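A.B. asks: Sharing protein_1.cif below, mmCIF, C-alpha atoms and all ligand atoms:
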data_start
#
loop_
_atom_site.group_PDB
_atom_site.id
_atom_site.type_symbol
_atom_site.label_atom_id
_atom_site.label_comp_id
_atom_site.auth_asym_id
_atom_site.auth_seq_id
_atom_site.Cartn_x
_atom_site.Cartn_y
_atom_site.Cartn_z
ATOM 1 C CA SER A 1 -2.276 -24.166 -71.794
ATOM 2 C CA MET A 2 -2.201 -24.840 -68.068
ATOM 3 C CA ASP A 3 -5.437 -26.475 -66.930
ATOM 4 C CA LEU A 4 -6.416 -24.711 -63.714
ATOM 5 C CA GLY A 5 -8.576 -27.647 -62.644
ATOM 6 C CA ILE A 6 -11.634 -25.563 -61.745
ATOM 7 C CA LYS A 7 -14.000 -26.421 -64.583
ATOM 8 C CA GLY A 8 -17.581 -26.739 -63.353
ATOM 9 C CA LYS A 9 -16.981 -24.848 -60.099
ATOM 10 C CA TRP A 10 -19.245 -21.942 -59.104
ATOM 11 C CA ALA A 11 -17.824 -18.458 -58.650
ATOM 12 C CA LEU A 12 -19.299 -15.271 -57.286
ATOM 13 C CA VAL A 13 -17.787 -12.080 -58.697
ATOM 14 C CA GLY A 14 -18.733 -8.650 -57.332
ATOM 15 C CA GLY A 15 -18.595 -5.524 -59.466
ATOM 16 C CA ALA A 16 -18.507 -7.737 -62.542
ATOM 17 C CA SER A 17 -20.046 -5.599 -65.279
ATOM 18 C CA LYS A 18 -16.874 -3.567 -65.887
ATOM 19 C CA GLY A 19 -13.215 -3.232 -65.111
ATOM 20 C CA LEU A 20 -11.346 -5.547 -62.799
ATOM 21 C CA GLY A 21 -14.388 -7.568 -61.698
ATOM 22 C CA TRP A 22 -15.286 -8.133 -65.340
ATOM 23 C CA GLY A 23 -11.706 -9.259 -66.029
ATOM 24 C CA CYS A 24 -11.982 -11.826 -63.214
ATOM 25 C CA ALA A 25 -15.416 -13.076 -64.339
ATOM 26 C CA ARG A 26 -14.160 -13.448 -67.912
ATOM 27 C CA ALA A 27 -10.956 -15.316 -67.003
ATOM 28 C CA LEU A 28 -12.908 -17.699 -64.762
ATOM 29 C CA ALA A 29 -15.635 -18.298 -67.363
ATOM 30 C CA LEU A 30 -12.991 -19.075 -69.997
ATOM 31 C CA GLU A 31 -11.635 -21.715 -67.570
ATOM 32 C CA GLY A 32 -15.061 -23.347 -67.524
ATOM 33 C CA VAL A 33 -16.240 -21.874 -64.224
ATOM 34 C CA ASN A 34 -19.933 -20.961 -63.769
ATOM 35 C CA VAL A 35 -20.231 -17.393 -62.560
ATOM 36 C CA VAL A 36 -22.785 -15.303 -60.689
ATOM 37 C CA MET A 37 -21.955 -11.743 -61.758
ATOM 38 C CA VAL A 38 -23.143 -8.814 -59.632
ATOM 39 C CA ALA A 39 -23.419 -5.088 -60.405
ATOM 40 C CA ARG A 40 -26.042 -2.445 -59.657
ATOM 41 C CA GLY A 41 -26.819 -1.285 -63.175
ATOM 42 C CA ALA A 42 -28.941 -3.968 -64.864
ATOM 43 C CA GLU A 43 -28.501 -2.737 -68.419
ATOM 44 C CA VAL A 44 -24.697 -2.810 -68.614
ATOM 45 C CA LEU A 45 -24.610 -6.003 -66.564
ATOM 46 C CA ASN A 46 -27.037 -7.868 -68.830
ATOM 47 C CA GLN A 47 -25.088 -6.792 -71.910
ATOM 48 C CA THR A 48 -21.796 -7.885 -70.322
ATOM 49 C CA VAL A 49 -23.258 -11.256 -69.347
ATOM 50 C CA ALA A 50 -24.661 -11.772 -72.869
ATOM 51 C CA ASN A 51 -21.296 -10.913 -74.484
ATOM 52 C CA LEU A 52 -19.378 -13.220 -72.176
ATOM 53 C CA GLN A 53 -21.867 -16.030 -72.733
ATOM 54 C CA LYS A 54 -20.981 -15.902 -76.442
ATOM 55 C CA GLU A 55 -17.282 -16.260 -75.601
ATOM 56 C CA ALA A 56 -17.883 -19.041 -73.087
ATOM 57 C CA PRO A 57 -20.980 -20.882 -74.305
ATOM 58 C CA GLY A 58 -20.441 -23.946 -72.109
ATOM 59 C CA VAL A 59 -20.730 -22.260 -68.715
ATOM 60 C CA LYS A 60 -23.668 -20.960 -66.699
ATOM 61 C CA LEU A 61 -23.538 -17.184 -66.268
ATOM 62 C CA ILE A 62 -26.083 -15.460 -64.055
ATOM 63 C CA GLY A 63 -26.303 -11.687 -63.766
ATOM 64 C CA VAL A 64 -27.731 -10.313 -60.536
ATOM 65 C CA ALA A 65 -28.450 -6.582 -60.543
ATOM 66 C CA ALA A 66 -27.951 -5.682 -56.893
ATOM 67 C CA ASP A 67 -25.950 -3.495 -54.555
ATOM 68 C CA ILE A 68 -23.545 -5.994 -53.015
ATOM 69 C CA THR A 69 -22.839 -3.632 -50.121
ATOM 70 C CA THR A 70 -26.360 -4.087 -48.740
ATOM 71 C CA GLU A 71 -27.833 -7.067 -46.916
ATOM 72 C CA ALA A 72 -30.743 -7.148 -49.374
ATOM 73 C CA GLY A 73 -28.335 -7.189 -52.326
ATOM 74 C CA ARG A 74 -26.381 -10.093 -50.865
ATOM 75 C CA ALA A 75 -29.625 -11.961 -50.121
ATOM 76 C CA ALA A 76 -30.596 -11.513 -53.782
ATOM 77 C CA LEU A 77 -27.346 -12.950 -55.097
ATOM 78 C CA PHE A 78 -27.499 -15.895 -52.693
ATOM 79 C CA SER A 79 -30.995 -16.738 -53.921
ATOM 80 C CA ALA A 80 -30.426 -16.173 -57.652
ATOM 81 C CA PRO A 81 -32.526 -18.682 -59.637
ATOM 82 C CA GLY A 82 -30.267 -21.342 -61.166
ATOM 83 C CA GLY A 83 -27.355 -20.309 -58.938
ATOM 84 C CA PRO A 84 -25.628 -22.362 -56.226
ATOM 85 C CA GLY A 85 -27.227 -20.580 -53.245
ATOM 86 C CA LYS A 86 -24.381 -20.019 -50.791
ATOM 87 C CA ASP A 87 -22.395 -23.018 -52.076
ATOM 88 C CA PHE A 88 -19.799 -21.045 -54.006
ATOM 89 C CA ASP A 89 -16.372 -22.596 -54.595
ATOM 90 C CA ILE A 90 -14.797 -19.278 -55.560
ATOM 91 C CA VAL A 91 -15.637 -15.787 -54.277
ATOM 92 C CA VAL A 92 -14.111 -12.611 -55.710
ATOM 93 C CA THR A 93 -15.096 -9.674 -53.516
ATOM 94 C CA ASN A 94 -15.235 -6.316 -55.257
ATOM 95 C CA ALA A 95 -17.327 -3.140 -55.385
ATOM 96 C CA GLY A 96 -16.661 0.450 -56.273
ATOM 97 C CA GLY A 97 -13.985 2.230 -54.272
ATOM 98 C CA PRO A 98 -14.795 5.176 -51.976
ATOM 99 C CA PRO A 99 -14.466 8.726 -53.363
ATOM 100 C CA PRO A 100 -11.271 10.759 -52.951
ATOM 101 C CA GLY A 101 -11.226 13.860 -50.782
ATOM 102 C CA ASP A 102 -9.852 15.616 -47.724
ATOM 103 C CA PHE A 103 -10.204 13.702 -44.451
ATOM 104 C CA ARG A 104 -11.289 16.924 -42.730
ATOM 105 C CA ASN A 105 -14.550 16.749 -44.658
ATOM 106 C CA TRP A 106 -15.422 13.114 -43.902
ATOM 107 C CA ASP A 107 -18.035 12.649 -41.218
ATOM 108 C CA ARG A 108 -19.111 9.443 -39.519
ATOM 109 C CA ASP A 109 -21.546 8.627 -42.365
ATOM 110 C CA ALA A 110 -18.793 8.841 -44.993
ATOM 111 C CA TRP A 111 -16.617 6.497 -42.947
ATOM 112 C CA ILE A 112 -19.446 4.029 -42.260
ATOM 113 C CA LYS A 113 -20.192 3.888 -45.984
ATOM 114 C CA ALA A 114 -16.555 3.187 -46.867
ATOM 115 C CA VAL A 115 -16.159 0.594 -44.116
ATOM 116 C CA ASP A 116 -19.438 -1.050 -45.179
ATOM 117 C CA ALA A 117 -18.432 -1.295 -48.839
ATOM 118 C CA ASN A 118 -14.733 -2.089 -48.632
ATOM 119 C CA MET A 119 -14.373 -3.938 -45.336
ATOM 120 C CA LEU A 120 -17.643 -5.336 -43.964
ATOM 121 C CA THR A 121 -19.086 -6.474 -47.315
ATOM 122 C CA PRO A 122 -16.110 -8.748 -48.101
ATOM 123 C CA ILE A 123 -16.213 -10.008 -44.505
ATOM 124 C CA GLU A 124 -19.947 -10.825 -44.803
ATOM 125 C CA LEU A 125 -19.348 -12.627 -48.117
ATOM 126 C CA ILE A 126 -16.505 -14.643 -46.587
ATOM 127 C CA LYS A 127 -18.618 -15.478 -43.520
ATOM 128 C CA ALA A 128 -21.508 -16.677 -45.674
ATOM 129 C CA THR A 129 -19.442 -19.003 -47.878
ATOM 130 C CA VAL A 130 -16.249 -20.114 -46.161
ATOM 131 C CA ASP A 131 -17.571 -22.897 -43.926
ATOM 132 C CA GLY A 132 -19.336 -24.555 -46.873
ATOM 133 C CA MET A 133 -16.067 -24.408 -48.814
ATOM 134 C CA ALA A 134 -14.232 -25.988 -45.887
ATOM 135 C CA ALA A 135 -16.844 -28.754 -45.586
ATOM 136 C CA ARG A 136 -16.471 -29.553 -49.313
ATOM 137 C CA GLY A 137 -12.660 -29.381 -49.207
ATOM 138 C CA PHE A 138 -12.135 -26.647 -51.782
ATOM 139 C CA GLY A 139 -12.440 -22.877 -51.644
ATOM 140 C CA ARG A 140 -10.739 -19.843 -53.110
ATOM 141 C CA ILE A 141 -11.493 -16.311 -51.942
ATOM 142 C CA VAL A 142 -9.854 -13.333 -53.618
ATOM 143 C CA ASN A 143 -10.498 -9.815 -52.363
ATOM 144 C CA ILE A 144 -9.809 -7.008 -54.798
ATOM 145 C CA THR A 145 -8.253 -4.318 -52.606
ATOM 146 C CA SER A 146 -5.698 -1.756 -53.782
ATOM 147 C CA SER A 147 -1.989 -1.014 -53.956
ATOM 148 C CA SER A 148 -2.906 1.863 -51.626
ATOM 149 C CA VAL A 149 -2.984 -0.691 -48.788
ATOM 150 C CA LYS A 150 0.828 -0.941 -49.075
ATOM 151 C CA SER A 151 1.479 2.492 -50.457
ATOM 152 C CA PRO A 152 -1.243 4.851 -49.221
ATOM 153 C CA ILE A 153 -2.511 7.716 -51.346
ATOM 154 C CA ASP A 154 -3.320 10.828 -49.302
ATOM 155 C CA ILE A 155 -6.618 11.734 -50.959
ATOM 156 C CA LEU A 156 -7.842 8.119 -50.804
ATOM 157 C CA GLY A 157 -7.970 8.064 -47.011
ATOM 158 C CA LEU A 158 -11.350 6.304 -46.910
ATOM 159 C CA SER A 159 -9.900 3.500 -49.033
ATOM 160 C CA ASN A 160 -6.593 3.381 -47.126
ATOM 161 C CA GLY A 161 -8.464 3.031 -43.847
ATOM 162 C CA ALA A 162 -11.294 0.667 -44.776
ATOM 163 C CA ARG A 163 -9.155 -1.662 -46.883
ATOM 164 C CA SER A 164 -6.462 -1.853 -44.229
ATOM 165 C CA GLY A 165 -9.155 -3.068 -41.840
ATOM 166 C CA LEU A 166 -10.108 -5.803 -44.302
ATOM 167 C CA THR A 167 -6.438 -6.696 -44.815
ATOM 168 C CA GLY A 168 -5.919 -7.167 -41.082
ATOM 169 C CA PHE A 169 -9.031 -9.332 -40.802
ATOM 170 C CA VAL A 170 -8.043 -11.512 -43.768
ATOM 171 C CA ALA A 171 -4.527 -12.052 -42.391
ATOM 172 C CA GLY A 172 -6.097 -13.753 -39.379
ATOM 173 C CA ALA A 173 -9.048 -15.502 -41.026
ATOM 174 C CA ALA A 174 -6.911 -17.092 -43.760
ATOM 175 C CA ARG A 175 -4.812 -18.700 -41.015
ATOM 176 C CA ASN A 176 -7.796 -20.104 -39.134
ATOM 177 C CA SER A 177 -6.905 -23.787 -38.912
ATOM 178 C CA GLN A 178 -10.401 -24.950 -39.903
ATOM 179 C CA ILE A 179 -10.065 -22.920 -43.095
ATOM 180 C CA ALA A 180 -6.392 -23.305 -44.065
ATOM 181 C CA SER A 181 -6.316 -27.074 -43.430
ATOM 182 C CA ARG A 182 -9.312 -27.723 -45.688
ATOM 183 C CA ASN A 183 -7.929 -26.415 -48.973
ATOM 184 C CA VAL A 184 -9.598 -23.028 -48.577
ATOM 185 C CA THR A 185 -7.414 -20.023 -49.329
ATOM 186 C CA ILE A 186 -8.057 -16.315 -48.830
ATOM 187 C CA ASN A 187 -5.827 -13.800 -50.584
ATOM 188 C CA ASN A 188 -5.946 -10.134 -51.533
ATOM 189 C CA LEU A 189 -5.085 -8.900 -55.004
ATOM 190 C CA LEU A 190 -3.765 -5.312 -54.968
ATOM 191 C CA PRO A 191 -4.172 -3.426 -58.249
ATOM 192 C CA GLY A 192 -1.971 -0.509 -59.165
ATOM 193 C CA ALA A 193 -3.197 1.607 -62.094
ATOM 194 C CA PHE A 194 -5.472 -0.361 -64.429
ATOM 195 C CA GLU A 195 -7.162 0.933 -67.523
ATOM 196 C CA THR A 196 -10.816 0.851 -66.428
ATOM 197 C CA ASP A 197 -13.780 3.223 -66.324
ATOM 198 C CA ARG A 198 -12.833 4.184 -62.803
ATOM 199 C CA LEU A 199 -9.400 5.325 -63.912
ATOM 200 C CA ARG A 200 -10.878 7.315 -66.805
ATOM 201 C CA VAL A 201 -13.396 9.057 -64.526
ATOM 202 C CA THR A 202 -10.607 9.884 -62.066
ATOM 203 C CA PHE A 203 -8.550 11.536 -64.830
ATOM 204 C CA GLU A 204 -11.525 13.490 -66.157
ATOM 205 C CA GLY A 205 -12.085 14.878 -62.649
ATOM 206 C CA LEU A 206 -8.393 15.692 -62.272
ATOM 207 C CA ALA A 207 -8.301 17.394 -65.688
ATOM 208 C CA LYS A 208 -11.166 19.702 -64.708
ATOM 209 C CA LYS A 209 -9.447 20.542 -61.432
ATOM 210 C CA THR A 210 -5.937 21.162 -62.795
ATOM 211 C CA GLY A 211 -6.691 22.474 -66.274
ATOM 212 C CA GLN A 212 -4.328 19.857 -67.742
ATOM 213 C CA SER A 213 -5.514 17.655 -70.565
ATOM 214 C CA VAL A 214 -6.603 14.079 -69.858
ATOM 215 C CA GLU A 215 -3.905 12.847 -72.297
ATOM 216 C CA SER A 216 -1.026 14.588 -70.505
ATOM 217 C CA LEU A 217 -2.280 13.361 -67.122
ATOM 218 C CA VAL A 218 -2.502 9.833 -68.513
ATOM 219 C CA GLU A 219 1.056 9.986 -69.881
ATOM 220 C CA THR A 220 2.417 11.284 -66.557
ATOM 221 C CA ARG A 221 0.557 8.612 -64.610
ATOM 222 C CA LYS A 222 1.799 5.792 -66.823
ATOM 223 C CA LYS A 223 5.394 6.801 -66.072
ATOM 224 C CA LEU A 224 4.868 6.242 -62.348
ATOM 225 C CA ALA A 225 5.236 2.504 -62.956
ATOM 226 C CA PRO A 226 8.506 1.105 -64.365
ATOM 227 C CA ALA A 227 6.344 -0.857 -66.818
ATOM 228 C CA LEU A 228 5.421 2.566 -68.307
ATOM 229 C CA ARG A 229 1.848 1.460 -68.977
ATOM 230 C CA PHE A 230 -1.454 0.754 -67.299
ATOM 231 C CA GLY A 231 -2.526 -2.760 -66.452
ATOM 232 C CA GLN A 232 -5.332 -4.389 -68.420
ATOM 233 C CA PRO A 233 -8.406 -5.970 -66.817
ATOM 234 C CA ASP A 234 -7.659 -9.248 -68.612
ATOM 235 C CA GLU A 235 -4.232 -9.687 -67.041
ATOM 236 C CA PHE A 236 -5.731 -8.846 -63.662
ATOM 237 C CA GLY A 237 -8.440 -11.460 -64.257
ATOM 238 C CA GLN A 238 -5.954 -14.124 -65.314
ATOM 239 C CA THR A 239 -3.908 -13.587 -62.152
ATOM 240 C CA CYS A 240 -7.121 -13.884 -60.154
ATOM 241 C CA ALA A 241 -8.019 -17.120 -61.978
ATOM 242 C CA PHE A 242 -4.608 -18.557 -61.116
ATOM 243 C CA LEU A 243 -5.147 -17.741 -57.429
ATOM 244 C CA CYS A 244 -8.443 -19.636 -57.750
ATOM 245 C CA SER A 245 -6.775 -22.665 -59.352
ATOM 246 C CA GLN A 246 -6.039 -26.094 -57.874
ATOM 247 C CA GLN A 247 -2.347 -25.257 -58.290
ATOM 248 C CA ALA A 248 -2.547 -22.232 -55.967
ATOM 249 C CA GLY A 249 -3.757 -24.207 -52.935
ATOM 250 C CA PHE A 250 -0.637 -23.439 -50.842
ATOM 251 C CA ILE A 251 -0.877 -19.658 -51.345
ATOM 252 C CA THR A 252 -2.954 -18.128 -48.563
ATOM 253 C CA GLY A 253 -3.124 -14.985 -46.469
ATOM 254 C CA GLN A 254 -1.100 -13.074 -49.052
ATOM 255 C CA ASN A 255 -1.302 -9.558 -50.435
ATOM 256 C CA ILE A 256 -0.297 -9.730 -54.066
ATOM 257 C CA LEU A 257 0.581 -6.499 -55.849
ATOM 258 C CA ILE A 258 -0.127 -6.292 -59.555
ATOM 259 C CA ASP A 259 1.218 -2.868 -60.431
ATOM 260 C CA GLY A 260 3.935 -3.013 -63.109
ATOM 261 C CA GLY A 261 6.620 -2.474 -60.460
ATOM 262 C CA ALA A 262 5.182 0.817 -59.179
ATOM 263 C CA TYR A 263 5.648 -0.074 -55.509
ATOM 264 C CA PRO A 264 9.355 0.541 -54.903
ATOM 265 C CA GLY A 265 9.985 -1.727 -51.911
ATOM 266 C CA THR A 266 12.026 -4.955 -51.897
ATOM 267 C CA PHE A 267 9.108 -6.738 -50.177
HETATM 268 P P1 LIG B 301 -15.003 0.201 -62.464
HETATM 269 O O1 LIG B 301 -14.390 0.072 -63.819
HETATM 270 O O2 LIG B 301 -15.699 1.464 -62.112
HETATM 271 O O3 LIG B 301 -15.985 -1.030 -62.253
HETATM 272 C C1 LIG B 301 -16.663 -1.176 -61.039
HETATM 273 C C2 LIG B 301 -17.660 -2.309 -61.150
HETATM 274 O O4 LIG B 301 -18.265 -2.540 -59.881
HETATM 275 C C3 LIG B 301 -18.809 -1.991 -62.100
HETATM 276 O O5 LIG B 301 -19.235 -3.209 -62.685
HETATM 277 C C4 LIG B 301 -19.885 -1.444 -61.157
HETATM 278 O O6 LIG B 301 -21.158 -1.544 -61.748
HETATM 279 C C5 LIG B 301 -19.680 -2.365 -59.967
HETATM 280 N N1 LIG B 301 -20.116 -1.845 -58.664
HETATM 281 C C6 LIG B 301 -19.780 -0.657 -58.109
HETATM 282 N N2 LIG B 301 -20.371 -0.533 -56.919
HETATM 283 C C7 LIG B 301 -21.100 -1.664 -56.715
HETATM 284 C C8 LIG B 301 -21.950 -2.112 -55.681
HETATM 285 N N3 LIG B 301 -22.182 -1.372 -54.599
HETATM 286 N N4 LIG B 301 -22.557 -3.326 -55.802
HETATM 287 C C9 LIG B 301 -22.324 -4.088 -56.898
HETATM 288 N N5 LIG B 301 -21.536 -3.710 -57.913
HETATM 289 C C10 LIG B 301 -20.920 -2.504 -57.824
HETATM 290 O O7 LIG B 301 -13.901 0.027 -61.310
HETATM 291 P P2 LIG B 301 -12.526 -0.811 -61.320
HETATM 292 O O8 LIG B 301 -11.451 0.051 -61.815
HETATM 293 O O9 LIG B 301 -12.731 -2.150 -61.915
HETATM 294 O O10 LIG B 301 -12.284 -0.961 -59.747
HETATM 295 C C11 LIG B 301 -12.706 -2.078 -58.995
HETATM 296 C C12 LIG B 301 -12.154 -1.929 -57.577
HETATM 297 O O11 LIG B 301 -10.733 -1.899 -57.625
HETATM 298 C C13 LIG B 301 -12.597 -0.636 -56.885
HETATM 299 O O12 LIG B 301 -12.847 -0.902 -55.524
HETATM 300 C C14 LIG B 301 -11.405 0.254 -57.031
HETATM 301 O O13 LIG B 301 -11.310 1.207 -55.997
HETATM 302 C C15 LIG B 301 -10.263 -0.751 -56.946
HETATM 303 N N6 LIG B 301 -9.032 -0.235 -57.578
HETATM 304 C C16 LIG B 301 -8.995 0.035 -58.923
HETATM 305 C C17 LIG B 301 -7.821 0.506 -59.492
HETATM 306 C C18 LIG B 301 -7.711 0.828 -60.962
HETATM 307 O O14 LIG B 301 -6.677 1.293 -61.398
HETATM 308 N N7 LIG B 301 -8.729 0.600 -61.772
HETATM 309 C C19 LIG B 301 -6.701 0.702 -58.681
HETATM 310 C C20 LIG B 301 -6.763 0.416 -57.341
HETATM 311 C C21 LIG B 301 -7.948 -0.050 -56.793
HETATM 312 P P3 LIG B 301 -22.399 -0.614 -61.216
HETATM 313 O O15 LIG B 301 -21.871 0.775 -61.095
HETATM 314 O O16 LIG B 301 -23.453 -0.783 -62.251
HETATM 315 O O17 LIG B 301 -22.787 -1.205 -59.891
#
What's the structure tokens form of this structure?
Ligand code: NAP
C.D. replies:
Amino acid sequence: SMDLGIKGKWALVGGASKGLGWGCARALALEGVNVVMVARGAEVLNQTVANLQKEAPGVKLIGVAADITTEAGRAALFSAPGGPGKDFDIVVTNAGGPPPGDFRNWDRDAWIKAVDANMLTPIELIKATVDGMAARGFGRIVNITSSSVKSPIDILGLSNGARSGLTGFVAGAARNSQIASRNVTINNLLPGAFETDRLRVTFEGLAKKTGQSVESLVETRKKLAPALRFGQPDEFGQTCAFLCSQQAGFITGQNILIDGGAYPGTF
């Protein structure tokens, strides 16, 4: 196997009790990285942490039950007992995505919530950790965004808008000379359709609305990607772990699609 050279580092992973965040936490832990895992629901989180600890007995795993989109939640994760404080080497920003809908129904509060969760929270996490990374000469930040940044989905307007704001910010911040010259990279990982709880809930909602069965909706959706399947959280996590590796130090400011070829453009 390829040694990613990050054993013993400390990672922060948002939204880590399920889905893509869990995939990232798992891949990092299996590389020997200590991980602070954040999610709101304590029960599922504690179970996830306990399961992962069995798979990766040599690393420190700390579950913090908190809402990462709030200042209080971020304060809690930065002061987790046994954790590294703000001295993370790796930060994977992630939280739930905003709900679908019709933009005509979204008021200022709906927009502020989406911008808070999917733009300002990653920016706050970057701000809190990036200068320490630069001072220590190693840092890897990966923001989980969405393929909808490149290929917008009408009903996901809150996501299209808020995540595009984050994408614009990251494009500049990653190229800040005091960050890029000190072995600190910031990249965005753009999932297409991955088999997670979120996807399942989306299909259940769609099935109720359209009267179609979940199975037929799933089959139709799978065919939208040339790979003819959904992605798995593990392969998402392993790609994330590579972006966090020593070897990936020259990759920065990029938006990396992981979508089974669904996006049809040459670039
Ligand atoms: P998921 O299976 O629903 O998992 C979401 C995880 O985030 C859970 O652990 C959840 O736990 C946690 N979480 C949600 N809100 C949080 C908050 N405010 N603070 C802390 N933790 C929070 O979702 P997923 O499919 O992995 O999606 C992750 C992200 O990728 C989302 O932003 C989603 O929009 C985006 N995305 C997913 C896909 C896909 O196909 N799955 C495609 C494109 C984009 P709690 O609920 O207990 O907090």
A.B. asks: Neighbouring residues of A:Ala66 were defined as those with any atom within 10 Å, considering only C-alpha atoms; residues of the same chain fewer than 2 positions away were excluded. Please report them as a PyMOL selection string.
C.D. replies: chain A and resi 14-15+37-42+63-64+68-70+72-77
A.B. asks: Could you write out as an MDAnalysis selection string the residues that the PyMOL selection byres (((not hetatm)) within 7 of (chain B and resi 301)) matches in the shown file?
C.D. replies: chainID A and resid 14:22 38:42 44:45 66:69 94:98 117 144:147 190:199
A.B. asks: Which residues, named as in the file, does the PyMOL selection byres (((chain A and resi 125) around 10) and not hetatm) pick out? Answer as a compact mmCIF listing (two decimals) with C-alpha atoms, in the frame of the given file.
C.D. replies:
# COMPACT_ATOMS: atom_id res chain seq x y z
CA LEU A 12 -19.30 -15.27 -57.29
CA ILE A 68 -23.54 -5.99 -53.02
CA THR A 69 -22.84 -3.63 -50.12
CA ARG A 74 -26.38 -10.09 -50.86
CA PHE A 78 -27.50 -15.90 -52.69
CA LYS A 86 -24.38 -20.02 -50.79
CA VAL A 91 -15.64 -15.79 -54.28
CA VAL A 92 -14.11 -12.61 -55.71
CA THR A 93 -15.10 -9.67 -53.52
CA LEU A 120 -17.64 -5.34 -43.96
CA THR A 121 -19.09 -6.47 -47.32
CA PRO A 122 -16.11 -8.75 -48.10
CA ILE A 123 -16.21 -10.01 -44.50
CA GLU A 124 -19.95 -10.82 -44.80
CA ILE A 126 -16.50 -14.64 -46.59
CA LYS A 127 -18.62 -15.48 -43.52
CA ALA A 128 -21.51 -16.68 -45.67
CA THR A 129 -19.44 -19.00 -47.88
CA VAL A 130 -16.25 -20.11 -46.16
CA ILE A 141 -11.49 -16.31 -51.94
A.B. asks: Near A:Gln178, counting only C-alpha atoms, which residues have an atom at most 10 Å away, once you skip same-chain residues fewer than 5 positions from it, shown as a PyMOL selection string?
C.D. replies: chain A and resi 130-131+134-135+173+183-184
A.B. asks: Show me, as a ChimeraX atom specification, the residues that have an atom within 12 Å of A:Asn255 when counting all atoms listed in the file, minus same-chain residues fewer than 5 positions from it.
C.D. replies: /A:142-150,163-164,166-168,170-171,174,186-191,243,267
A.B. asks: For A:Gln247, work out the shell of residues within 8 Å, counting only C-alpha atoms and skipping chain neighbours fewer than 2 positions away, then give it as a list in words.
C.D. replies: Leu4, Gly5, Phe242, Ser245, Gly249 and Phe250 of chain A
A.B. asks: Could you write those residues out with C-alpha atoms, as an mmCIF file, in the coordinates of the input?
C.D. replies:
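Heads up, here's the output in selection35.cif:
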data_model
loop_
_atom_site.group_PDB
_atom_site.id
_atom_site.type_symbol
_atom_site.label_atom_id
_atom_site.label_comp_id
_atom_site.auth_asym_id
_atom_site.auth_seq_id
_atom_site.Cartn_x
_atom_site.Cartn_y
_atom_site.Cartn_z
ATOM 1 C CA LEU A 4 -6.416 -24.711 -63.714
ATOM 2 C CA GLY A 5 -8.576 -27.647 -62.644
ATOM 3 C CA PHE A 242 -4.608 -18.557 -61.116
ATOM 4 C CA SER A 245 -6.775 -22.665 -59.352
ATOM 5 C CA GLY A 249 -3.757 -24.207 -52.935
ATOM 6 C CA PHE A 250 -0.637 -23.439 -50.842
#
A.B. asks: Can you measure atom CA of A:Lys208 to atom CA of A:Leu156 for me? One decimal in Å is fine.
C.D. replies: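 About the pair atom CA of A:Lys208 and atom CA of A:Leu156: they are 18.4 Å apart.
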A.B. asks: Mind checking which residues fall within 9 Å of stretch 23-27 of chain A, counting all atoms listed in the file, ignoring those fewer than 4 positions away in the same chain, and posting them as a list in words?
C.D. replies: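 The neighbour list is Ala11, Leu12, Val13, Gly14, Ala16, Ser17, Lys18, Gly19, Glu31, Val33, Val35, Val36, Met37, Leu52, Glu55, Ala56, Val92, Gln232, Pro233, Asp234, Glu235, Phe236, Gly237, Gln238, Thr239, Cys240 and Ala241 of chain A.
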A.B. asks: Taking the file as shown, find all residues satisfying the PyMOL selection byres (((chain A and resi 263) around 9) and not hetatm) and write them as a list of chain:residue names.
C.D. replies: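 Applied to this file, the PyMOL selection byres (((chain A and resi 263) around 9) and not hetatm) selects A:Ser147, A:Lys150, A:Ser151, A:Gly192, A:Ala225, A:Leu257, A:Asp259, A:Gly260, A:Gly261, A:Ala262, A:Pro264, A:Gly265, A:Thr266.
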A.B. asks: Mind giving me the axis-aligned box for stretch 75-84 of chain A with 8 Å on every side, centre plus edges in Å to one decimal, as AutoDock Vina command-line options?
C.D. replies:
--center_x -29.1 --center_y -16.9 --center_z -55.6 --size_x 22.9 --size_y 26.8 --size_z 27.0
A.B. asks: Given only C-alpha atoms as the basis, pick out the residue of A:Gly165, A:Gly172, A:Gly231, A:Gly157 nearest to A:Gly253.
C.D. replies: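 Checking each candidate against A:Gly253, we get A:Gly172 as the closest.
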A.B. asks: Please measure the separation of atom CA of A:Asp87 and atom CA of A:Ala162, giving the value in Å to one decimal.
C.D. replies: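 Computing the Euclidean distance for atom CA of A:Asp87 and atom CA of A:Ala162 yields 27.2 Å.
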A.B. asks: Expressed in Å to a single decimal, how great is the separation between atom CA of A:Lys7 and atom CA of A:Cys244?
C.D. replies: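 The value is 11.1 Å.
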A.B. asks: Of the candidates A:Asp154, A:Trp106, A:Pro100, A:Asn118, which one gets nearest to A:Gly205 if we count only C-alpha atoms?
C.D. replies: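 Looking at the shortest contact to A:Gly205, the residue is A:Pro100.
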A.B. asks: Pick out the closest residue to A:Met133 from this set: A:Glu43, A:Glu219, A:Asp89, A:Glu204. Count all atoms listed in the file.
C.D. replies: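 Checking each of A:Glu43, A:Glu219, A:Asp89, A:Glu204 against A:Met133, counting all atoms listed in the file, the winner is A:Asp89.
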A.B. asks: Between A:Thr252, A:Phe203, A:Arg104, A:Phe88, which residue has the minimum interatomic distance to A:Asn176, considering only C-alpha atoms?
C.D. replies: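 Looking at the shortest contact to A:Asn176, the residue is A:Thr252.
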